[in-house]
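**Student:** Here you go, input09.txt (compact mmCIF, C-alpha atoms and all ligand atoms):
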```txt
# COMPACT_ATOMS: atom_id res chain seq x y z
CA MET A 29 18.40 -3.72 -12.93
CA HIS A 30 15.18 -5.73 -12.44
CA ASP A 31 12.13 -4.14 -10.85
CA PHE A 32 11.82 -6.96 -8.33
CA ALA A 33 13.79 -9.91 -7.00
CA VAL A 34 12.00 -12.85 -5.35
CA ILE A 35 13.82 -15.25 -3.02
CA GLY A 36 12.03 -18.61 -2.85
CA LEU A 37 9.83 -19.91 -5.67
CA GLY A 38 7.72 -22.35 -3.66
CA ALA A 39 4.01 -21.85 -2.99
CA ILE A 40 3.99 -18.13 -2.18
CA GLY A 41 7.15 -16.96 -3.99
CA SER A 42 6.08 -18.48 -7.32
CA ALA A 43 2.66 -16.82 -6.96
CA THR A 44 4.35 -13.49 -6.15
CA ALA A 45 6.57 -13.74 -9.23
CA ALA A 46 3.60 -14.69 -11.44
CA GLU A 47 1.54 -11.76 -10.19
CA LEU A 48 4.38 -9.27 -10.67
CA VAL A 49 4.90 -10.54 -14.23
CA ARG A 50 1.15 -10.28 -14.87
CA ARG A 51 1.32 -6.63 -13.77
CA GLY A 52 4.06 -5.99 -16.33
CA HIS A 53 7.16 -5.84 -14.11
CA SER A 54 10.60 -7.31 -14.71
CA VAL A 55 11.38 -9.97 -12.13
CA VAL A 56 14.32 -12.16 -11.21
CA GLY A 57 13.47 -15.14 -8.98
CA PHE A 58 15.68 -17.62 -7.14
CA ASP A 59 15.17 -20.99 -5.62
CA ARG A 60 17.71 -23.22 -3.92
CA TYR A 61 16.14 -26.22 -5.72
CA THR A 62 13.84 -26.69 -8.73
CA PRO A 63 10.23 -26.41 -7.53
CA PRO A 64 8.14 -28.37 -7.08
CA HIS A 65 10.71 -30.20 -4.93
CA THR A 66 10.47 -32.31 -1.79
CA MET A 67 12.71 -30.34 0.58
CA GLY A 68 10.33 -27.64 1.89
CA SER A 69 6.60 -27.31 2.58
CA ALA A 70 5.11 -27.60 -0.89
CA HIS A 71 5.20 -31.18 -2.09
CA SER A 72 3.38 -34.47 -1.77
CA ASP A 73 0.46 -34.56 -4.06
CA THR A 74 -2.49 -32.85 -2.45
CA ARG A 75 -3.63 -29.91 -0.32
CA MET A 76 -7.11 -29.15 1.03
CA ILE A 77 -9.01 -25.99 0.29
CA ARG A 78 -11.93 -25.66 2.65
CA GLU A 79 -13.85 -22.88 4.23
CA ALA A 80 -15.83 -24.13 7.24
CA TRP A 81 -12.73 -24.16 9.45
CA TYR A 82 -12.35 -20.38 8.95
CA GLN A 83 -15.90 -19.36 9.83
CA GLY A 84 -16.03 -16.14 11.80
CA SER A 85 -12.54 -15.09 10.66
CA PRO A 86 -11.26 -12.79 7.90
CA TYR A 87 -9.95 -15.85 6.03
CA VAL A 88 -13.39 -16.70 4.59
CA PRO A 89 -13.28 -14.11 1.76
CA LEU A 90 -9.67 -15.13 1.13
CA VAL A 91 -10.81 -18.73 0.56
CA HIS A 92 -13.37 -17.51 -1.99
CA ASP A 93 -10.80 -15.33 -3.72
CA ALA A 94 -8.28 -18.20 -3.75
CA CYS A 95 -10.81 -20.60 -5.32
CA ARG A 96 -11.57 -18.08 -8.02
CA ARG A 97 -7.87 -17.55 -8.76
CA TRP A 98 -7.05 -21.29 -8.82
CA LYS A 99 -9.95 -21.85 -11.24
CA ASN A 100 -8.68 -19.04 -13.48
CA LEU A 101 -5.20 -20.58 -13.44
CA GLU A 102 -6.74 -23.97 -14.19
CA ARG A 103 -8.43 -22.51 -17.27
CA SER A 104 -5.43 -20.54 -18.52
CA SER A 105 -2.94 -23.36 -17.94
CA GLY A 106 -5.11 -26.16 -19.34
CA ARG A 107 -4.15 -28.30 -16.32
CA THR A 108 -6.37 -29.95 -13.74
CA LEU A 109 -5.62 -28.15 -10.48
CA LEU A 110 -8.56 -28.77 -8.16
CA ARG A 111 -11.30 -31.28 -7.64
CA THR A 112 -14.34 -31.01 -5.40
CA ALA A 113 -14.29 -33.97 -3.01
CA GLY A 114 -15.81 -32.57 0.19
CA ALA A 115 -14.23 -32.51 3.64
CA LEU A 116 -15.22 -33.57 7.14
CA MET A 117 -14.18 -31.60 10.18
CA MET A 118 -14.53 -33.88 13.18
CA GLY A 119 -13.86 -33.71 16.89
CA PRO A 120 -15.22 -33.83 20.40
CA GLU A 121 -17.78 -31.17 21.32
CA ASP A 122 -15.38 -29.56 23.79
CA GLY A 123 -12.23 -29.96 21.66
CA ARG A 124 -10.01 -27.42 19.92
CA ALA A 125 -12.06 -27.29 16.72
CA PHE A 126 -15.49 -26.86 18.24
CA ALA A 127 -15.39 -25.58 21.82
CA GLY A 128 -16.23 -21.90 22.06
CA SER A 129 -15.91 -21.49 18.30
CA PRO A 130 -18.56 -20.20 15.93
CA LEU A 131 -18.20 -23.36 13.85
CA ARG A 132 -21.45 -24.96 14.98
CA GLY A 133 -23.16 -21.73 13.95
CA VAL A 134 -22.12 -22.20 10.33
CA VAL A 135 -24.67 -24.92 9.85
CA ARG A 136 -27.40 -22.56 8.81
CA PRO A 137 -29.93 -22.82 5.99
CA ASP A 138 -27.86 -20.39 3.88
CA THR A 139 -24.73 -22.56 3.96
CA ASP A 140 -24.00 -25.91 2.37
CA TYR A 141 -22.54 -27.35 5.54
CA VAL A 142 -24.14 -30.34 7.17
CA LEU A 143 -23.90 -31.22 10.85
CA LEU A 144 -23.62 -34.99 11.29
CA SER A 145 -23.80 -37.18 14.38
CA ALA A 146 -21.36 -40.08 14.77
CA GLU A 147 -24.10 -42.47 13.65
CA GLU A 148 -24.86 -40.39 10.56
CA VAL A 149 -21.17 -40.29 9.60
CA ALA A 150 -20.92 -44.07 9.86
CA GLU A 151 -24.05 -44.45 7.77
CA ARG A 152 -22.99 -42.02 5.06
CA PHE A 153 -19.29 -42.92 4.95
CA PRO A 154 -19.26 -46.51 6.17
CA TRP A 155 -15.46 -46.76 6.28
CA LEU A 156 -15.35 -44.25 9.18
CA ARG A 157 -16.12 -45.20 12.82
CA PRO A 158 -16.30 -42.08 14.98
CA ASP A 159 -16.73 -42.41 18.74
CA PRO A 160 -20.26 -41.64 20.00
CA GLY A 161 -20.55 -37.91 20.65
CA THR A 162 -18.10 -36.92 17.88
CA VAL A 163 -19.25 -33.72 16.18
CA THR A 164 -18.81 -33.57 12.40
CA ILE A 165 -19.30 -30.75 9.95
CA TYR A 166 -19.46 -31.99 6.38
CA GLU A 167 -18.48 -29.40 3.77
CA PRO A 168 -19.41 -30.95 0.40
CA GLY A 169 -17.89 -28.03 -1.58
CA ALA A 170 -14.37 -28.41 -0.15
CA ALA A 171 -11.78 -29.25 -2.79
CA ILE A 172 -8.42 -30.95 -3.20
CA LEU A 173 -5.63 -29.05 -4.93
CA SER A 174 -3.10 -31.01 -7.00
CA LEU A 175 -0.07 -29.45 -5.41
CA GLU A 176 2.72 -30.13 -7.90
CA ALA A 177 0.48 -29.19 -10.85
CA CYS A 178 -0.44 -25.94 -9.05
CA ILE A 179 3.22 -24.98 -8.60
CA GLU A 180 4.10 -25.92 -12.17
CA ALA A 181 1.18 -23.91 -13.56
CA THR A 182 2.14 -20.91 -11.39
CA LEU A 183 5.76 -21.06 -12.53
CA GLU A 184 4.58 -21.26 -16.14
CA ALA A 185 2.53 -18.12 -15.50
CA ALA A 186 5.73 -16.50 -14.20
CA ALA A 187 7.72 -17.56 -17.27
CA GLY A 188 8.28 -13.93 -18.27
CA ALA A 189 10.58 -13.65 -15.24
CA ASP A 190 14.22 -14.67 -15.09
CA LEU A 191 13.68 -17.76 -12.93
CA ARG A 192 16.92 -19.13 -11.53
CA PHE A 193 16.58 -22.63 -10.08
CA ASP A 194 19.19 -24.52 -8.04
CA GLU A 195 20.69 -21.16 -7.17
CA PRO A 196 20.54 -20.58 -3.39
CA VAL A 197 20.65 -16.98 -2.23
CA LEU A 198 23.51 -16.52 0.22
CA GLU A 199 22.70 -12.99 1.35
CA TRP A 200 20.87 -9.82 0.43
CA SER A 201 21.47 -6.16 1.24
CA THR A 202 19.83 -2.80 0.63
CA SER A 203 21.24 0.60 -0.31
CA ALA A 204 19.99 3.92 -1.64
CA SER A 205 19.86 2.40 -5.14
CA GLY A 206 17.76 -0.63 -4.23
CA VAL A 207 18.58 -4.22 -3.24
CA ARG A 208 21.40 -6.59 -4.04
CA VAL A 209 21.09 -10.34 -3.92
CA ARG A 210 24.17 -12.55 -3.81
CA THR A 211 23.95 -16.18 -4.85
CA GLU A 212 26.51 -18.90 -5.43
CA ARG A 213 26.63 -17.79 -9.06
CA GLY A 214 26.58 -14.02 -9.00
CA ASP A 215 25.22 -10.67 -7.81
CA TYR A 216 21.86 -9.30 -8.90
CA ALA A 217 20.32 -5.85 -8.51
CA ALA A 218 16.64 -4.96 -8.20
CA ARG A 219 14.57 -2.07 -6.94
CA ARG A 220 12.74 -4.17 -4.37
CA LEU A 221 12.88 -7.62 -2.87
CA ALA A 222 10.32 -10.28 -1.88
CA ILE A 223 11.39 -13.02 0.53
CA ALA A 224 9.21 -16.15 0.66
CA ALA A 225 11.70 -18.74 1.82
CA GLY A 226 9.39 -21.00 3.83
CA ALA A 227 11.29 -23.07 6.41
CA TRP A 228 14.56 -21.28 5.53
CA THR A 229 13.19 -17.87 6.56
CA PRO A 230 15.19 -17.64 9.84
CA GLN A 231 18.46 -18.06 7.92
CA LEU A 232 17.56 -15.24 5.51
CA LEU A 233 16.33 -12.85 8.22
CA PRO A 234 18.93 -13.38 10.95
CA GLY A 235 18.49 -9.97 12.57
CA LEU A 236 14.72 -10.19 12.99
CA SER A 237 14.31 -13.14 15.41
CA LEU A 238 10.72 -13.83 14.41
CA PRO A 239 8.96 -16.41 16.60
CA LEU A 240 8.83 -19.03 13.84
CA GLU A 241 8.95 -22.72 14.67
CA VAL A 242 9.89 -25.16 11.95
CA GLU A 243 8.24 -28.52 12.55
CA ARG A 244 8.94 -31.91 10.99
CA THR A 245 5.86 -33.79 9.88
CA VAL A 246 5.47 -36.99 7.88
CA GLN A 247 2.92 -37.75 5.21
CA TYR A 248 2.15 -41.40 4.48
CA TRP A 249 0.56 -43.07 1.47
CA PHE A 250 -1.17 -46.41 1.98
CA GLU A 251 -2.57 -48.68 -0.65
CA PRO A 252 -6.36 -48.34 -0.47
CA ALA A 253 -7.81 -51.63 0.73
CA GLY A 254 -11.04 -53.36 1.73
CA VAL A 255 -14.55 -53.28 0.38
CA HIS A 256 -14.68 -49.48 0.29
CA ALA A 257 -11.47 -49.00 -1.71
CA ASP A 258 -13.33 -47.88 -4.84
CA VAL A 259 -15.55 -45.24 -3.24
CA LEU A 260 -12.80 -43.75 -1.07
CA ALA A 261 -11.47 -41.83 -4.07
CA GLU A 262 -14.72 -39.89 -4.38
CA GLY A 263 -14.09 -38.31 -0.98
CA PRO A 264 -14.44 -36.73 1.41
CA ALA A 265 -11.13 -35.81 3.01
CA TRP A 266 -11.13 -35.59 6.80
CA VAL A 267 -9.45 -33.63 9.57
CA TRP A 268 -10.24 -35.40 12.82
CA GLU A 269 -9.39 -34.20 16.28
CA LEU A 270 -9.07 -36.91 18.93
CA GLU A 271 -8.93 -36.21 22.63
CA ARG A 272 -5.79 -38.18 23.43
CA GLU A 273 -4.02 -38.89 20.14
CA GLY A 274 -4.14 -35.42 18.52
CA THR A 275 -5.46 -34.44 15.11
CA TRP A 276 -5.08 -36.67 12.06
CA TYR A 277 -6.16 -36.22 8.48
CA GLY A 278 -6.79 -38.34 5.41
CA PHE A 279 -7.20 -37.56 1.71
CA PRO A 280 -9.21 -39.38 -0.94
CA PRO A 281 -6.68 -41.67 -2.68
CA THR A 282 -4.82 -40.50 -5.78
CA ALA A 283 -2.62 -42.60 -8.08
CA ARG A 284 -0.04 -42.41 -5.29
CA GLY A 285 -2.29 -43.90 -2.62
CA LEU A 286 -4.37 -42.94 0.40
CA LYS A 287 -2.52 -40.03 2.04
CA ALA A 288 -2.77 -39.53 5.79
CA GLY A 289 -0.81 -37.86 8.55
CA MET A 290 -0.85 -36.18 11.95
CA HIS A 291 -1.44 -32.44 12.15
CA PHE A 292 0.83 -30.41 14.49
CA GLN A 293 2.81 -32.60 16.83
CA ALA A 294 4.49 -30.97 19.79
CA GLY A 295 8.17 -31.74 20.15
CA ARG A 296 8.91 -32.01 16.43
CA ARG A 297 10.75 -28.69 16.33
CA THR A 298 13.66 -28.65 13.90
CA ASP A 299 15.17 -26.51 11.16
CA ALA A 300 15.43 -26.92 7.42
CA GLU A 301 19.11 -27.91 7.54
CA ARG A 302 19.10 -30.30 10.52
CA VAL A 303 15.80 -32.05 9.92
CA VAL A 304 15.88 -35.85 9.72
CA ARG A 305 14.54 -36.56 6.26
CA GLU A 306 14.48 -40.33 6.59
CA VAL A 307 11.30 -41.91 7.96
CA GLY A 308 11.87 -44.65 10.55
CA ALA A 309 10.26 -48.06 10.16
CA SER A 310 8.00 -47.62 13.20
CA GLU A 311 6.96 -44.01 12.60
CA ALA A 312 3.72 -45.00 10.88
CA ASP A 313 2.61 -47.13 13.87
CA ASP A 314 0.52 -44.38 15.51
CA LEU A 315 -1.32 -43.74 12.29
CA ARG A 316 -1.89 -47.44 11.72
CA ARG A 317 -3.45 -47.63 15.19
CA LEU A 318 -5.77 -44.73 14.28
CA PHE A 319 -6.81 -46.41 11.05
CA GLY A 320 -7.38 -49.66 12.96
CA ARG A 321 -9.64 -47.93 15.45
CA TYR A 322 -11.40 -45.27 13.36
CA ALA A 323 -11.26 -46.43 9.72
CA PRO A 324 -10.60 -50.15 9.91
CA GLY A 325 -9.49 -52.00 6.80
CA VAL A 326 -9.07 -49.03 4.43
CA ALA A 327 -5.29 -48.60 4.75
CA GLY A 328 -3.34 -51.44 3.15
CA ALA A 329 0.42 -51.67 2.75
CA LEU A 330 2.47 -48.53 3.29
CA ALA A 331 3.48 -47.41 -0.21
CA HIS A 332 5.46 -44.26 0.50
CA ALA A 333 6.34 -41.71 3.21
CA SER A 334 7.76 -38.23 2.94
CA VAL A 335 8.95 -35.59 5.41
CA CYS A 336 7.39 -32.15 5.04
CA LEU A 337 8.04 -28.95 7.00
CA TYR A 338 5.57 -26.66 8.72
CA THR A 339 6.74 -23.15 9.59
CA ASN A 340 4.45 -22.06 12.42
CA THR A 341 3.74 -18.68 13.98
CA PRO A 342 2.44 -18.63 17.59
CA ASP A 343 -1.08 -17.64 16.48
CA GLU A 344 -1.00 -19.65 13.22
CA ASP A 345 -1.72 -16.51 11.20
CA PHE A 346 0.81 -15.67 8.51
CA ILE A 347 3.31 -12.83 8.36
CA LEU A 348 3.05 -10.76 5.17
CA ASP A 349 4.57 -7.38 5.68
CA ARG A 350 7.41 -4.99 5.02
CA HIS A 351 10.72 -5.75 6.69
CA PRO A 352 10.77 -3.34 9.67
CA GLY A 353 14.36 -2.27 8.97
CA HIS A 354 14.24 -2.31 5.15
CA PRO A 355 11.08 -0.84 3.60
CA GLU A 356 12.13 -2.05 0.14
CA VAL A 357 11.83 -5.66 1.33
CA VAL A 358 8.48 -7.46 1.72
CA LEU A 359 8.33 -10.86 3.33
CA PHE A 360 5.99 -13.77 3.66
CA ALA A 361 6.61 -16.24 6.49
CA GLY A 362 4.82 -18.67 8.78
CA GLY A 363 2.56 -20.67 6.47
CA SER A 364 1.57 -22.58 9.62
CA GLY A 365 0.15 -25.62 7.89
CA HIS A 366 -2.56 -23.79 5.95
CA ALA A 367 -1.07 -21.29 3.47
CA PHE A 368 -1.02 -23.34 0.29
CA LYS A 369 -4.67 -22.86 -0.58
CA PHE A 370 -4.20 -19.07 -0.35
CA ALA A 371 -1.04 -18.93 -2.51
CA PRO A 372 -2.50 -16.93 -5.43
CA VAL A 373 -4.12 -14.44 -3.02
CA LEU A 374 -0.97 -14.11 -0.92
CA GLY A 375 1.11 -13.65 -4.09
CA SER A 376 -1.21 -10.83 -5.09
CA LEU A 377 -0.97 -9.23 -1.62
CA MET A 378 2.83 -9.48 -1.81
CA ALA A 379 2.70 -7.73 -5.19
CA ASP A 380 0.44 -4.99 -3.72
CA ARG A 381 2.98 -4.30 -0.99
CA LEU A 382 5.95 -4.37 -3.37
CA THR A 383 4.34 -2.04 -5.92
CA GLU A 384 2.66 0.12 -3.27
CA GLU A 385 -0.74 -0.40 -4.78
CA PRO A 386 -3.54 -0.19 -2.22
CA PRO A 387 -3.86 -3.70 -0.73
CA SER A 388 -6.97 -5.56 -1.83
CA ARG A 389 -7.31 -6.89 1.76
CA ASP A 390 -6.72 -5.40 5.18
CA PRO A 391 -3.06 -6.23 5.89
CA ALA A 392 -3.49 -6.05 9.70
CA LEU A 393 -4.12 -9.79 10.05
CA PHE A 394 -0.63 -10.53 8.74
CA SER A 395 1.22 -7.68 10.42
CA ILE A 396 4.74 -8.34 11.65
CA ASP A 397 4.20 -5.89 14.53
CA ARG A 398 2.15 -8.41 16.49
CA PHE A 399 5.41 -10.23 17.23
CA ARG A 400 7.57 -7.22 18.01
C1 LIG B 501 2.23 -31.93 5.66
C2 LIG B 501 1.67 -30.61 5.27
C3 LIG B 501 0.31 -30.52 4.95
C4 LIG B 501 -0.23 -29.30 4.59
N1 LIG B 501 -1.56 -29.25 4.23
C5 LIG B 501 -2.08 -28.09 3.79
C6 LIG B 501 -3.42 -28.05 3.31
O1 LIG B 501 -4.12 -29.08 3.25
N2 LIG B 501 -3.91 -26.85 2.87
C7 LIG B 501 -3.15 -25.72 2.88
O2 LIG B 501 -3.66 -24.67 2.49
N3 LIG B 501 -1.87 -25.73 3.32
C8 LIG B 501 -1.31 -26.89 3.76
N4 LIG B 501 -0.02 -26.93 4.19
C9 LIG B 501 0.77 -25.67 4.27
C10 LIG B 501 1.40 -25.22 2.98
O3 LIG B 501 1.87 -26.28 2.19
C11 LIG B 501 2.53 -24.26 3.33
O4 LIG B 501 2.04 -23.26 4.24
C12 LIG B 501 3.08 -23.55 2.09
O5 LIG B 501 3.62 -24.48 1.20
C13 LIG B 501 4.14 -22.54 2.51
O6 LIG B 501 4.62 -21.91 1.34
P1 LIG B 501 6.00 -21.15 1.34
O7 LIG B 501 6.10 -20.51 -0.01
O8 LIG B 501 6.12 -20.32 2.56
O9 LIG B 501 7.12 -22.30 1.50
P2 LIG B 501 7.64 -23.31 0.39
O10 LIG B 501 6.52 -23.70 -0.49
O11 LIG B 501 8.39 -24.38 1.10
O12 LIG B 501 8.64 -22.45 -0.47
C14 LIG B 501 9.82 -21.88 0.04
C15 LIG B 501 10.87 -21.93 -1.07
O13 LIG B 501 11.98 -21.10 -0.72
C16 LIG B 501 13.14 -21.71 -1.26
N5 LIG B 501 14.30 -21.16 -0.57
C17 LIG B 501 14.54 -21.20 0.75
N6 LIG B 501 15.72 -20.58 1.05
C18 LIG B 501 16.20 -20.13 -0.14
C19 LIG B 501 17.39 -19.43 -0.49
N7 LIG B 501 18.32 -19.07 0.42
N8 LIG B 501 17.60 -19.15 -1.79
C20 LIG B 501 16.69 -19.52 -2.74
N9 LIG B 501 15.56 -20.19 -2.44
C21 LIG B 501 15.30 -20.49 -1.16
C22 LIG B 501 12.89 -23.19 -1.00
O14 LIG B 501 13.71 -24.01 -1.80
C23 LIG B 501 11.41 -23.33 -1.30
O15 LIG B 501 11.19 -23.72 -2.65
C24 LIG B 501 0.58 -28.13 4.56
C25 LIG B 501 1.93 -28.22 4.87
C26 LIG B 501 2.49 -29.45 5.21
C27 LIG B 501 3.96 -29.53 5.53
```
So that I can check it, write out the structure of this file as structure tokens.
Ligand SMILES: Cc1cc2nc3c(=O)[nH]c(=O)nc-3n(C[C@H](O)[C@H](O)[C@H](O)COP(=O)(O)OP(=O)(O)OC[C@H]3O[C@@H](n4cnc5c(N)ncnc54)[C@H](O)[C@@H]3O)c2cc1C
**Tutor:**
Amino acid sequence: MHDFAVIGLGAIGSATAAELVRRGHSVVGFDRYTPPHTMGSAHSDTRMIREAWYQGSPYVPLVHDACRRWKNLERSSGRTLLRTAGALMMGPEDGRAFAGSPLRGVVRPDTDYVLLSAEEVAERFPWLRPDPGTVTIYEPGAAILSLEACIEATLEAAAGADLRFDEPVLEWSTSASGVRVRTERGDYAARRLAIAAGAWTPQLLPGLSLPLEVERTVQYWFEPAGVHADVLAEGPAWVWELEREGTWYGFPPTARGLKAGMHFQAGRRTDAERVVREVGASEADDLRRLFGRYAPGVAGALAHASVCLYTNTPDEDFILDRHPGHPEVVLFAGGSGHAFKFAPVLGSLMADRLTEEPPSRDPALFSIDRFR
């Protein structure tokens, strides 16, 4: 019998397995595919790790901890995992990002953030054309994580575990002797179980009816174009709230191209089995219009597009807690479009709960009880 079983070896499950192995436990892990794969939430090149967005919330120390852990993994794996490129957070004064939030207050002498007017943005980053009155916080220390390399390095760190890829878990159960996991290939026993199944969580926790919404979102890669094509790669990334069109984001180009997409789009609710994975010919039109208006000339031909899944909670905070009916099961769910950066921290918190070590962070933020 293994000490622990882990269902899902994506962003959080792989980090959980790696941390349990690091603490000397025997682990069996399962994934329905071979991560990093393109079917869930953890694929497509890049993820942002930034801090300004979280000001005034308990996530700030988690960002610091995550950066430290990613850098350690970078050193131990010999891979390049993150690169400082800076990030812009932009929006109208009275929009979702800035109205009533402490964000403007972060621009203090003791922080590295810079508050920029629309004119200053256009001067400093001449490929961007914000509307007059747009508020921008520039965070020069924000970084870009190389997503696939991060997952590969984490799985390498978990190599002491019995990692079983392309082996979907069909069901799990608990008894006085521990947990049993049934897959298409066999039955496995462990003392305790971690579930980190991303967009497939509802299927694995049918009795819990958590308020999770799986959302289809598309990421696009354009060929960098125009006179600024060379400097775009230096950064920054941007997350830009617009009054009518919603929030869009863009990443400094990689070998794959200039990645951009829309953040949270109402009406895209789906599930991991039914989701339309093809991208229609006209789906990039909205984004092209945004580039035309706000970053003219930088997005050339569309090189690639890929469907990705958000799994959202109503408050966009994660769930990381014991299963209310099965204390030997700990689950992570509801990455809500921002969990990747925290993966090594969340993996460590999962391991704390599974091993009953005192949690290194207050678990209240991620409590399942807030939805029950
Ligand atoms: C377009 C997009 C942009 C994003 N941008 C950012 C960003 O800039 N910064 C950031 O921090 N976060 C970002 N996120 C969020 C982040 O990527 C996710 O929150 C994170 O990947 C969630 O991790 P997870 O482990 O819950 O899910 P996943 O990484 O999807 O892993 C779940 C795994 O479980 C496996 N699985 C499911 N069911 C079973 C089963 N029955 N048996 C075995 N295995 C199973 C799946 O195959 C999968 O590998 C973004 C997400 C998207 C979609």
**Student:** Rounded to one decimal place, report the CA of Glu356 in chain A-CA of Met378 in chain A distance in Å.
**Tutor:**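 Here the two named atoms are 12.1 Å from each other.
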**Student:** Quick one: residues within 6 Å of ligand LIG 501 (chain B), with all atoms listed in the file, as a VMD selection string?
**Tutor:** chain A and resid 35 to 41 58 to 61 63 68 to 70 75 to 77 196 to 198 224 to 226 228 245 247 336 to 338 361 363 to 369
**Student:** Would you mind reading off the distance between CA of Val142 in chain A and CA of Pro154 in chain A, one decimal, in Å?
**Tutor:** 16.9 Å
**Student:** Would you work out the distance separating CA of Trp266 in chain A from CA of Gly278 in chain A, expressed in Å to one decimal?
**Tutor:**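 Value for the CA of Trp266 in chain A-CA of Gly278 in chain A distance: 5.3 Å.
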**Student:** Given the point (-2.9, -12.4, 7.5) in the file's coordinates, find the residues that have an atom at most 6 Å from it, counting all atoms listed in the file, and give them as a ChimeraX atom specification.
**Tutor:** /A:345-346,393-394
**Student:** Compare A:Val255, A:Leu270, A:Ala309, A:Met290 by their minimum atom-to-atom distance to Arg321 in chain A, counting only C-alpha atoms, and give me the closest one.
**Tutor:** A:Leu270
**Student:** Excluding Ser42 in chain A and residues on its chain fewer than 4 positions from it, collect all residues at most 9 Å away from it, counting only C-alpha atoms, and give them as a list in words.
**Tutor:** Val34, Gly36, Leu37, Gly38, Ala46, Glu47, Gly57, Pro63, Ile179, Thr182, Leu183, Ala185, Ala186, Ala224, Ala371, Pro372 and Gly375 of chain A
**Student:** Select, from A:Ser334, A:Thr339, A:Thr108, A:Ser145, the residue with the minimum atom-to-atom distance to Thr162 in chain A, counting all atoms listed in the file.
**Tutor:**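 When distances to Thr162 in chain A are compared using all atoms listed in the file, the smallest one comes from A:Ser145.
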**Student:** Under the rule that all atoms listed in the file are counted, which of A:Ala379, A:Ala392, A:Ala331, A:Ala187 is the nearest residue to Arg284 in chain A?
**Tutor:**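 Result for the nearest residue to Arg284 in chain A: A:Ala331.
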**Student:** Output range 189-201 of chain A as a compact mmCIF listing (two decimals), in the coordinates of the input, making sure N, CA and C atoms are there.
**Tutor:**
```
# COMPACT_ATOMS: atom_id res chain seq x y z
N ALA A 189 9.52 -14.04 -16.18
CA ALA A 189 10.58 -13.65 -15.24
C ALA A 189 11.86 -14.43 -15.54
N ASP A 190 12.96 -13.93 -15.02
CA ASP A 190 14.22 -14.67 -15.09
C ASP A 190 14.24 -15.59 -13.86
N LEU A 191 13.81 -16.84 -14.07
CA LEU A 191 13.68 -17.76 -12.93
C LEU A 191 14.95 -18.59 -12.82
N ARG A 192 15.62 -18.49 -11.70
CA ARG A 192 16.92 -19.13 -11.53
C ARG A 192 16.80 -20.23 -10.47
N PHE A 193 16.75 -21.48 -10.97
CA PHE A 193 16.58 -22.63 -10.08
C PHE A 193 17.94 -23.18 -9.67
N ASP A 194 17.94 -23.93 -8.58
CA ASP A 194 19.19 -24.52 -8.04
C ASP A 194 20.24 -23.44 -7.82
N GLU A 195 19.79 -22.29 -7.40
CA GLU A 195 20.69 -21.16 -7.17
C GLU A 195 20.34 -20.54 -5.81
N PRO A 196 20.87 -21.10 -4.72
CA PRO A 196 20.54 -20.58 -3.39
C PRO A 196 21.04 -19.14 -3.21
N VAL A 197 20.23 -18.33 -2.59
CA VAL A 197 20.65 -16.98 -2.23
C VAL A 197 21.47 -17.06 -0.94
N LEU A 198 22.64 -16.47 -0.96
CA LEU A 198 23.51 -16.52 0.22
C LEU A 198 23.25 -15.33 1.13
N GLU A 199 23.03 -14.17 0.53
CA GLU A 199 22.70 -12.99 1.35
C GLU A 199 22.08 -11.92 0.48
N TRP A 200 21.44 -10.96 1.13
CA TRP A 200 20.87 -9.82 0.43
C TRP A 200 21.20 -8.57 1.23
N SER A 201 21.20 -7.43 0.54
CA SER A 201 21.47 -6.16 1.24
C SER A 201 20.68 -5.05 0.54
```
